[in-house]
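Engineer: Sharing target.tsv (TSV, C-alpha atoms) below.
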chain	number	residue	atom	x	y	z
A	447	MET	CA	-22.24	11.18	-2.15
A	448	GLY	CA	-21.35	12.20	-5.71
A	449	ILE	CA	-17.84	10.73	-6.00
A	450	SER	CA	-16.07	10.85	-9.35
A	451	LEU	CA	-13.40	8.31	-10.23
A	452	PRO	CA	-10.40	8.69	-12.51
A	453	ALA	CA	-10.06	6.30	-15.43
A	454	PRO	CA	-8.41	3.02	-14.40
A	455	SER	CA	-4.63	3.11	-14.66
A	456	TRP	CA	-2.28	0.18	-14.41
A	457	GLY	CA	0.94	2.09	-13.80
A	458	GLY	CA	2.98	4.15	-16.14
A	459	GLY	CA	5.56	3.24	-18.67
A	460	ALA	CA	9.17	4.33	-18.63
A	461	SER	CA	8.26	7.92	-19.51
A	462	SER	CA	6.19	8.36	-16.33
A	463	ARG	CA	8.95	7.47	-13.86
A	464	ALA	CA	12.35	8.83	-13.02
A	465	ALA	CA	15.47	7.07	-14.22
A	466	GLY	CA	16.22	4.10	-11.98
A	467	GLU	CA	12.79	4.18	-10.33
A	468	PRO	CA	11.20	0.74	-10.33
A	469	LYS	CA	8.20	0.24	-12.59
A	470	ASP	CA	4.96	0.04	-10.60
A	471	ALA	CA	7.00	0.52	-7.43
A	472	VAL	CA	4.09	0.64	-5.04
A	473	ALA	CA	1.81	-1.71	-6.91
A	474	ARG	CA	3.32	-5.18	-6.74
A	475	THR	CA	6.89	-5.15	-5.48
A	476	PRO	CA	6.87	-5.26	-1.68
A	477	SER	CA	9.54	-7.94	-1.51
A	478	ARG	CA	11.86	-5.83	-3.65
A	479	GLU	CA	10.78	-2.70	-1.81
A	480	ILE	CA	11.66	-4.15	1.60
A	481	ALA	CA	14.95	-5.54	0.26
A	482	HIS	CA	15.73	-2.10	-1.21
A	483	ALA	CA	14.98	-0.45	2.16
A	484	ALA	CA	17.26	-2.98	3.90
A	485	ARG	CA	20.08	-2.22	1.45
A	486	CYS	CA	19.64	1.54	1.99
A	487	ILE	CA	19.74	1.08	5.75
A	488	ALA	CA	22.77	-1.22	5.51
A	489	GLN	CA	24.55	1.43	3.44
A	490	GLN	CA	23.76	4.06	6.08
A	491	VAL	CA	25.25	1.77	8.74
A	492	LYS	CA	28.30	1.10	6.56
A	493	GLU	CA	28.83	4.86	6.11
A	494	GLY	CA	28.58	5.41	9.86
A	495	LYS	CA	25.40	7.50	9.56
A	496	LEU	CA	23.42	4.98	11.60
A	497	THR	CA	24.14	2.22	14.10
A	498	PRO	CA	22.23	-1.08	14.11
A	499	GLU	CA	20.72	-0.10	17.49
A	500	GLN	CA	19.21	3.02	15.90
A	501	ILE	CA	17.21	1.04	13.33
A	502	THR	CA	13.49	1.25	14.10
A	503	GLU	CA	10.23	0.69	12.24
A	504	GLN	CA	10.39	4.39	11.35
A	505	THR	CA	13.85	3.86	9.81
A	506	VAL	CA	12.41	1.15	7.57
A	507	GLU	CA	9.38	3.28	6.67
A	508	GLN	CA	11.65	6.19	5.73
A	509	ASN	CA	13.43	3.95	3.23
A	510	LEU	CA	10.36	2.46	1.53
A	511	TYR	CA	9.23	3.68	-1.90
A	512	THR	CA	6.21	5.25	-0.20
A	513	ALA	CA	8.23	7.27	2.34
A	514	GLY	CA	6.26	10.36	3.34
A	515	VAL	CA	2.97	8.97	2.02
A	516	PRO	CA	0.42	8.08	4.73
A	517	ASP	CA	-0.46	4.40	5.07
A	518	PRO	CA	-3.87	3.57	3.56
A	519	ASP	CA	-6.86	3.34	5.87
A	520	LEU	CA	-8.92	1.45	3.27
A	521	ILE	CA	-7.86	-0.92	0.51
A	522	ILE	CA	-10.51	-1.99	-1.94
A	523	ARG	CA	-9.83	-5.30	-3.67
A	524	PRO	CA	-11.96	-5.66	-6.80
A	525	SER	CA	-12.30	-8.81	-8.96
A	526	GLY	CA	-13.88	-11.09	-6.38
A	527	GLU	CA	-10.46	-12.30	-5.26
A	528	GLN	CA	-9.92	-12.43	-1.51
A	529	ARG	CA	-6.17	-12.16	-1.30
A	530	LEU	CA	-3.65	-9.35	-0.92
A	531	SER	CA	-1.73	-10.02	-4.13
A	532	ASN	CA	1.49	-8.71	-2.59
A	533	PHE	CA	0.07	-5.18	-2.44
A	534	LEU	CA	1.57	-2.67	0.05
A	535	ILE	CA	2.38	-5.41	2.55
A	536	TRP	CA	4.27	-3.18	5.01
A	537	GLN	CA	2.01	-0.16	4.59
A	538	SER	CA	-1.27	-2.03	4.94
A	539	ALA	CA	-0.64	-3.51	8.39
A	540	TYR	CA	-3.60	-1.63	9.88
A	541	SER	CA	-5.62	-1.03	6.73
A	542	GLU	CA	-9.19	-2.21	6.40
A	543	TYR	CA	-9.91	-4.33	3.34
A	544	VAL	CA	-13.12	-4.44	1.35
A	545	PHE	CA	-13.31	-7.26	-1.20
A	546	MET	CA	-15.73	-6.62	-4.07
A	547	ASP	CA	-16.97	-8.91	-6.83
A	548	VAL	CA	-16.48	-6.38	-9.63
A	549	LEU	CA	-13.65	-6.04	-12.12
A	550	TRP	CA	-11.66	-2.81	-11.96
A	551	PRO	CA	-12.70	-1.54	-15.41
A	552	ASP	CA	-16.33	-1.89	-14.29
A	553	PHE	CA	-15.76	-0.22	-10.90
A	554	THR	CA	-18.14	2.72	-10.51
A	555	PRO	CA	-18.62	5.57	-8.05
A	556	GLU	CA	-21.44	3.51	-6.54
A	557	HIS	CA	-19.00	0.69	-5.79
A	558	LEU	CA	-16.71	3.19	-4.10
A	559	GLU	CA	-19.61	4.50	-2.02
A	560	GLN	CA	-20.42	0.91	-0.97
A	561	ALA	CA	-16.81	0.30	0.06
A	562	ILE	CA	-16.68	3.53	2.05
A	563	ALA	CA	-19.96	2.66	3.76
A	564	ALA	CA	-18.55	-0.77	4.71
A	565	PHE	CA	-15.39	0.92	6.00
A	566	HIS	CA	-17.42	3.28	8.20
A	567	GLN	CA	-19.18	0.31	9.81
A	568	ARG	CA	-15.87	-1.18	10.98
A	569	GLN	CA	-14.49	-0.79	14.48
A	570	ARG	CA	-10.80	-0.06	13.94
A	571	ARG	CA	-8.47	-1.35	16.66
A	572	PHE	CA	-5.03	-0.77	15.09
A	573	GLY	CA	-3.67	-4.03	16.44
A	574	GLY	CA	-5.51	-3.89	19.76
A	575	ILE	CA	-8.00	-6.46	20.95
Show this structure as structure tokens.
Structural biologist:
Amino acid sequence: MGISLPAPSWGGGASSRAAGEPKDAVARTPSREIAHAARCIAQQVKEGKLTPEQITEQTVEQNLYTAGVPDPDLIIRPSGEQRLSNFLIWQSAYSEYVFMDVLWPDFTPEHLEQAIAAFHQRQRRFGGI
């Protein structure tokens, strides 16, 4: 397959984000992210730009930190842990997870190929039975 991986990155410091942007916004802050989206929506209602009846899942998605970014199809969880660790809770509703017993710094292109192969063996139902 010949996949190359970037060096592991654990999120940038203050210089890599805009002023006021939360640190590691998409990494480990879904509770804050959802609360932030709720506050943004509440403000839109307060300003008369939106009525409560107009609030949909799409309204929430448009106010998340990841607005405009497609939801992940595959999430690879290294380290041998089999938990979500609060990662992209809203966005991962229909994602497929592959749990791998390898630490991230040791993750290789071969591990990625294994995860992709496992993903391709799944029958995706997107909430259906």
Engineer: Atom CA of Gln560 of chain A to atom CA of Pro518 of chain A: how many Å, to one decimal?
Structural biologist: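 Atom CA of Pro518 of chain A lies 17.4 Å from atom CA of Gln560 of chain A.
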Engineer: So that all listed atoms of segment 497-510 of chain A fit with 4 Å spare on each side, what axis-aligned box centre and edge lengths in Å, to one decimal, would you give as lines of an AutoDock Vina configuration file?
Structural biologist:
center_x = 16.8
center_y = 2.6
center_z = 9.5
size_x = 22.8
size_y = 15.3
size_z = 24.0
Engineer: Would you compute the distance between atom CA of Glu499 of chain A and atom CA of Gly574 of chain A? Give it in Å to one decimal.
Structural biologist: 26.6 Å
Engineer: Would you list the contacts of segment 567-571 of chain A as a list of chain:residue names, taking every protein, DNA or RNA residue within 12 Å and counting all atoms listed in the file, but skipping same-chain residues closer than 2 positions in sequence?
Structural biologist: A:Asp519, A:Leu520, A:Ala539, A:Tyr540, A:Ser541, A:Glu542, A:Tyr543, A:Val544, A:Gln560, A:Ala561, A:Ile562, A:Ala563, A:Ala564, A:Phe565, A:Gly573, A:Gly574, A:Ile575
Engineer: Name the closest residue to Ser477 of chain A among the candidates A:Trp550, A:Ala513, A:Trp536, A:Val506; distances are taken between atoms, counting only C-alpha atoms.
Structural biologist: A:Trp536
Engineer: Hey, can you check how far atom CA of Asp517 of chain A sits from atom CA of Leu534 of chain A?
Structural biologist: 8.9 Å
Engineer: Between A:Thr512, A:Thr505, A:Gln500, A:Gln489, which has the minimum distance to Ile535 of chain A (counting all atoms listed in the file)?
Structural biologist: A:Thr512
Engineer: Using only C-alpha atoms, collect all residues at a distance of at most 10 Å from (17.9, 4.6, 2.0) as written in the file, then present them as an NGL selection string.
Structural biologist: :A and (482-490 or 505-511)
Engineer: With C-alpha atoms retained, write the just-selected residues as a PDB file, in the coordinates of the input.
Structural biologist:
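File written: result.pdb
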ATOM      1  CA  HIS A 482      15.730  -2.100  -1.210  1.00  0.00           C
ATOM      2  CA  ALA A 483      14.980  -0.450   2.160  1.00  0.00           C
ATOM      3  CA  ALA A 484      17.260  -2.980   3.900  1.00  0.00           C
ATOM      4  CA  ARG A 485      20.080  -2.220   1.450  1.00  0.00           C
ATOM      5  CA  CYS A 486      19.640   1.540   1.990  1.00  0.00           C
ATOM      6  CA  ILE A 487      19.740   1.080   5.750  1.00  0.00           C
ATOM      7  CA  ALA A 488      22.770  -1.220   5.510  1.00  0.00           C
ATOM      8  CA  GLN A 489      24.550   1.430   3.440  1.00  0.00           C
ATOM      9  CA  GLN A 490      23.760   4.060   6.080  1.00  0.00           C
ATOM     10  CA  THR A 505      13.850   3.860   9.810  1.00  0.00           C
ATOM     11  CA  VAL A 506      12.410   1.150   7.570  1.00  0.00           C
ATOM     12  CA  GLU A 507       9.380   3.280   6.670  1.00  0.00           C
ATOM     13  CA  GLN A 508      11.650   6.190   5.730  1.00  0.00           C
ATOM     14  CA  ASN A 509      13.430   3.950   3.230  1.00  0.00           C
ATOM     15  CA  LEU A 510      10.360   2.460   1.530  1.00  0.00           C
ATOM     16  CA  TYR A 511       9.230   3.680  -1.900  1.00  0.00           C
TER      17      TYR A 511
END
Engineer: Would you please work out which residue, of A:Ile521, A:Val491, A:Val515, A:Leu558, is nearest to Phe533 of chain A when using all atoms listed in the file?
Structural biologist: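 Residue with the minimum atom-to-atom distance to Phe533 of chain A: A:Ile521.
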